[in-house]
>>> print(open('final-v3.txt').read())   # compact mmCIF, C-alpha atoms
# COMPACT_ATOMS: atom_id res chain seq x y z
CA MET A 1 -11.57 11.57 -2.59
CA ILE A 2 -7.79 11.26 -2.61
CA ASN A 3 -5.70 12.79 -5.39
CA LEU A 4 -2.15 11.49 -5.89
CA LEU A 5 0.35 12.82 -8.41
CA LEU A 6 3.43 10.73 -9.16
CA ALA A 7 6.28 12.54 -10.91
CA GLY A 8 9.57 11.08 -12.08
CA VAL A 9 11.66 10.27 -15.11
CA GLY A 10 11.55 7.36 -17.50
CA GLY A 11 12.73 4.05 -16.12
CA GLN A 12 11.89 4.72 -12.46
CA GLY A 13 8.66 2.72 -12.40
CA THR A 14 6.29 5.66 -12.03
CA VAL A 15 3.57 4.14 -14.19
CA LEU A 16 3.78 0.76 -12.43
CA ALA A 17 3.47 2.54 -9.07
CA SER A 18 0.30 4.32 -10.23
CA LYS A 19 -1.17 1.03 -11.43
CA LEU A 20 -0.37 -0.63 -8.08
CA LEU A 21 -2.08 2.23 -6.22
CA ALA A 22 -5.19 2.05 -8.40
CA GLN A 23 -5.44 -1.75 -8.16
CA ALA A 24 -4.99 -1.70 -4.38
CA ALA A 25 -7.77 0.89 -4.08
CA MET A 26 -10.11 -1.08 -6.34
CA ALA A 27 -9.45 -4.23 -4.29
CA GLN A 28 -11.01 -2.33 -1.37
CA GLY A 29 -14.08 -1.53 -3.43
CA LEU A 30 -13.05 2.06 -4.17
CA GLN A 31 -13.22 3.72 -7.56
CA ALA A 32 -9.86 4.67 -9.06
CA ARG A 33 -8.95 6.58 -12.18
CA THR A 34 -5.47 7.04 -13.63
CA ALA A 35 -3.82 8.94 -16.45
CA GLU A 36 -0.19 9.14 -17.49
CA THR A 37 1.90 11.56 -19.46
CA ILE A 38 4.98 9.63 -20.38
CA GLY A 39 6.70 11.81 -22.98
CA MET A 40 10.12 10.40 -23.69
CA ALA A 41 9.91 7.92 -20.83
CA GLN A 42 12.42 5.48 -22.26
CA ARG A 43 15.03 8.20 -22.60
CA GLY A 44 14.86 9.70 -19.15
CA GLY A 45 12.13 12.19 -20.00
CA CYS A 46 9.53 13.31 -17.49
CA VAL A 47 6.73 10.95 -16.47
CA VAL A 48 3.65 12.13 -14.61
CA SER A 49 0.85 9.86 -13.38
CA HIS A 50 -2.42 11.08 -11.92
CA VAL A 51 -4.29 8.74 -9.56
CA ARG A 52 -7.69 9.70 -8.21
CA ILE A 53 -9.40 7.46 -5.68
CA GLY A 54 -13.00 7.96 -4.58
CA GLU A 55 -16.59 8.30 -5.68
CA GLU A 56 -16.33 11.86 -7.04
CA ALA A 57 -13.43 11.13 -9.39
CA TYR A 58 -15.16 11.82 -12.72
CA SER A 59 -11.97 12.73 -14.56
CA PRO A 60 -8.58 11.04 -14.25
CA LEU A 61 -6.73 14.37 -14.27
CA ILE A 62 -6.07 16.23 -11.03
CA PRO A 63 -6.80 19.97 -11.21
CA TYR A 64 -4.11 22.40 -10.06
CA GLY A 65 -4.11 22.87 -6.30
CA GLN A 66 -5.99 19.61 -5.60
CA ALA A 67 -3.32 16.91 -5.08
CA ASP A 68 -3.31 15.53 -1.55
CA LEU A 69 0.11 13.99 -2.14
CA ILE A 70 2.90 14.40 -4.67
CA LEU A 71 5.18 11.41 -4.92
CA GLY A 72 8.44 12.78 -6.35
CA PHE A 73 10.61 10.04 -7.80
CA GLU A 74 13.07 12.80 -8.69
CA PRO A 75 13.29 16.12 -6.77
CA ALA A 76 13.17 18.44 -9.81
CA GLU A 77 10.08 16.66 -11.10
CA ALA A 78 8.42 17.15 -7.70
CA VAL A 79 9.27 20.87 -7.88
CA ARG A 80 7.95 21.13 -11.44
CA ASN A 81 4.62 19.59 -10.39
CA LEU A 82 4.23 21.52 -7.13
CA PRO A 83 1.38 23.68 -8.53
CA TYR A 84 -0.82 20.57 -8.29
CA LEU A 85 -0.36 20.31 -4.50
CA LYS A 86 -3.24 21.54 -2.37
CA ASP A 87 -2.73 23.67 0.72
CA GLY A 88 -1.73 21.30 3.49
CA GLY A 89 -0.77 18.56 1.04
CA ILE A 90 2.21 16.24 1.49
CA VAL A 91 5.26 15.78 -0.71
CA VAL A 92 7.17 12.51 -0.49
CA ALA A 93 10.36 12.85 -2.53
CA ALA A 94 13.43 10.80 -3.32
CA LYS A 95 16.63 12.33 -2.01
CA LYS A 96 18.74 11.77 -5.14
CA ALA A 97 18.53 13.93 -8.25
CA ILE A 98 18.89 12.37 -11.67
CA LYS A 99 20.91 14.65 -13.92
CA PRO A 100 19.15 15.22 -17.25
CA VAL A 101 21.04 14.86 -20.50
CA THR A 102 20.93 18.61 -21.12
CA ALA A 103 22.72 19.33 -17.84
CA SER A 104 25.24 16.57 -18.53
CA LEU A 105 26.09 17.96 -21.97
CA SER A 106 26.36 21.56 -20.77
CA GLY A 107 28.56 20.68 -17.80
CA SER A 108 26.26 22.67 -15.52
CA GLY A 109 25.60 21.64 -11.96
CA TYR A 110 22.50 19.73 -10.97
CA GLU A 111 22.13 18.93 -7.30
CA ALA A 112 19.16 17.80 -5.24
CA GLY A 113 19.87 20.16 -2.31
CA PRO A 114 18.37 23.36 -3.76
CA MET A 115 15.34 21.48 -5.09
CA LEU A 116 14.67 19.83 -1.73
CA ALA A 117 15.11 23.19 0.02
CA TYR A 118 12.53 24.69 -2.34
CA LEU A 119 10.11 21.86 -1.58
CA GLN A 120 10.70 22.36 2.15
CA THR A 121 9.66 26.00 1.95
CA HIS A 122 6.68 25.43 -0.36
CA ALA A 123 5.07 22.27 1.04
CA LYS A 124 3.46 22.07 4.44
CA GLN A 125 4.91 18.58 4.94
CA LEU A 126 7.90 17.11 3.13
CA ILE A 127 9.25 13.60 3.60
CA VAL A 128 12.62 13.08 1.90
CA VAL A 129 13.35 9.39 1.39
CA ASP A 130 16.87 8.02 1.06
CA CYS A 131 15.89 5.64 -1.71
CA GLU A 132 19.51 4.83 -2.52
CA ALA A 133 19.99 3.37 0.95
CA ILE A 134 16.74 1.42 0.74
CA CYS A 135 17.57 0.09 -2.73
CA ALA A 136 21.06 -0.92 -1.57
CA GLN A 137 19.56 -2.78 1.40
CA CYS A 138 17.11 -4.59 -0.93
CA GLY A 139 19.78 -5.37 -3.50
CA SER A 140 18.26 -3.58 -6.49
CA ALA A 141 17.77 -0.01 -7.72
CA LYS A 142 14.54 -1.18 -9.36
CA VAL A 143 12.61 -1.09 -6.06
CA LEU A 144 12.74 2.72 -5.81
CA ASN A 145 9.10 3.01 -6.87
CA VAL A 146 7.90 0.56 -4.22
CA ALA A 147 10.06 2.22 -1.53
CA LEU A 148 8.33 5.52 -2.32
CA LEU A 149 4.92 3.81 -2.23
CA GLY A 150 5.82 2.49 1.21
CA ALA A 151 6.77 6.01 2.33
CA ALA A 152 3.49 7.39 0.97
CA ILE A 153 1.53 4.74 2.87
CA GLY A 154 3.66 5.35 5.98
CA SER A 155 2.88 9.08 5.79
CA GLY A 156 -0.77 8.31 6.54
CA ALA A 157 -1.97 10.19 3.45
CA LEU A 158 -3.40 7.15 1.66
CA CYS A 159 -6.45 4.95 2.22
CA ILE A 160 -4.34 1.89 1.37
CA SER A 161 -2.62 -0.27 3.97
CA LEU A 162 0.76 -1.96 3.65
CA GLU A 163 -1.00 -5.32 3.74
CA GLN A 164 -3.30 -4.35 0.86
CA MET A 165 -0.34 -3.10 -1.18
CA GLU A 166 1.54 -6.36 -0.51
CA GLN A 167 -1.47 -8.34 -1.74
CA THR A 168 -1.65 -6.19 -4.87
CA MET A 169 2.07 -6.60 -5.52
CA ALA A 170 1.69 -10.38 -5.18
CA GLN A 171 -0.91 -10.26 -7.96
CA ARG A 172 1.02 -7.94 -10.31
CA LEU A 173 4.74 -8.60 -9.82
CA PRO A 174 6.74 -11.66 -10.87
CA ALA A 175 7.25 -14.01 -7.91
CA ARG A 176 11.05 -13.79 -8.13
CA PHE A 177 10.92 -10.02 -7.42
CA LEU A 178 8.24 -10.09 -4.75
CA GLU A 179 10.37 -10.45 -1.61
CA MET A 180 12.72 -7.59 -2.38
CA ASN A 181 9.74 -5.37 -3.23
CA ARG A 182 8.04 -6.31 0.06
CA GLN A 183 11.21 -5.35 1.87
CA ALA A 184 11.37 -2.02 0.01
CA LEU A 185 7.72 -1.31 0.85
CA GLN A 186 8.31 -1.95 4.56
CA LEU A 187 11.54 0.09 4.65
CA GLY A 188 9.86 3.01 2.87
CA ALA A 189 7.00 2.98 5.36
CA GLN A 190 9.41 2.85 8.31
CA PHE A 191 11.37 5.76 6.85
CA ALA A 192 8.24 7.91 6.60
CA GLN A 193 7.05 7.02 10.09
CA GLN A 194 10.40 8.08 11.55
CA ALA A 195 10.53 11.35 9.58
>>> encode(input="final-v3.txt", output="structure tokens")
Amino acid sequence: MINLLLAGVGGQGTVLASKLLAQAAMAQGLQARTAETIGMAQRGGCVVSHVRIGEEAYSPLIPYGQADLILGFEPAEAVRNLPYLKDGGIVVAAKKAIKPVTASLSGSGYEAGPMLAYLQTHAKQLIVVDCEAICAQCGSAKVLNVALLGAAIGSGALCISLEQMEQTMAQRLPARFLEMNRQALQLGAQFAQQA
């Protein structure tokens, strides 16, 4: 069984990414269960998706210390969900922090560096993805979620191939967005393989 926890903020495509993962797994004949906690997703609040793939997945929720991979769409959200990561698990995290409203209003600092350093010392393997560069190359910030999926697949931690994910995206995404998402998937995978 593979346990994946996706953590981000509203508007980053976390829930869509979890649905793509589950559908790609089911297309291979695997069982998949998902659950989301979306809170104030439309206002930049935290979003957490649990994806469990395999025969023994009786509940959609991942117990603490059992996630094989945490996909951090935002570094602070990856840190906040680190208790779910199992020993030897992998964290794939976006390089850029998204400053919450509370930090913006208070004028306090909010940088990704300390969060990524914390992840580096507390995760056996950390892959930090420059999603801004990938999104710029693809021409849209909306492909961040697919770039991170590509990095997760490229890390070798998933039972889903790039080809299977591309087939799933072709079924779920509007045709006009498909090519840029394919490019983001490939670039994310390349990034992880070079890390």
>>> atom_distance(input="final-v3.txt", atom1="atom CA of Ile62 of chain A", atom2="atom CA of Lys96 of chain A")
25.9 Å
>>> closest_residue(input="final-v3.txt", among="A:Ala184, A:Ile38, A:Ala67, A:Val51", to="Gly89 of chain A", atoms="all atoms listed in the file")
A:Ala67
>>> closest_residue(input="final-v3.txt", among="A:Ile53, A:Leu116, A:Val128, A:Leu148", to="Gln12 of chain A", atoms="all atoms listed in the file")
A:Leu148
>>> closest_residue(input="final-v3.txt", among="A:Gly113, A:Ile134, A:Asn145, A:Ser108", to="Gly8 of chain A", atoms="only C-alpha atoms")
A:Asn145
>>> closest_residue(input="final-v3.txt", among="A:Ile98, A:Gly72, A:Cys135, A:Glu163", to="Leu119 of chain A", atoms="all atoms listed in the file")
A:Gly72
>>> atom_distance(input="final-v3.txt", atom1="atom CA of Gln186 of chain A", atom2="atom CA of Met115 of chain A")
26.3 Å
>>> closest_residue(input="final-v3.txt", among="A:Arg182, A:Arg52, A:Lys99, A:Lys142", to="Thr14 of chain A", atoms="all atoms listed in the file")
A:Lys142
>>> atom_distance(input="final-v3.txt", atom1="atom CA of His122 of chain A", atom2="atom CA of Glu55 of chain A")
29.4 Å
>>> residues_around(input="final-v3.txt", residues="Asn181 of chain A", least_positions_apart="3", cutoff="12 Å", atoms="all atoms listed in the file", output="count of residues only")
36
>>> closest_residue(input="final-v3.txt", among="A:Gly45, A:Gly29, A:Gly11, A:Gly88", to="Ile70 of chain A", atoms="all atoms listed in the file")
A:Gly88
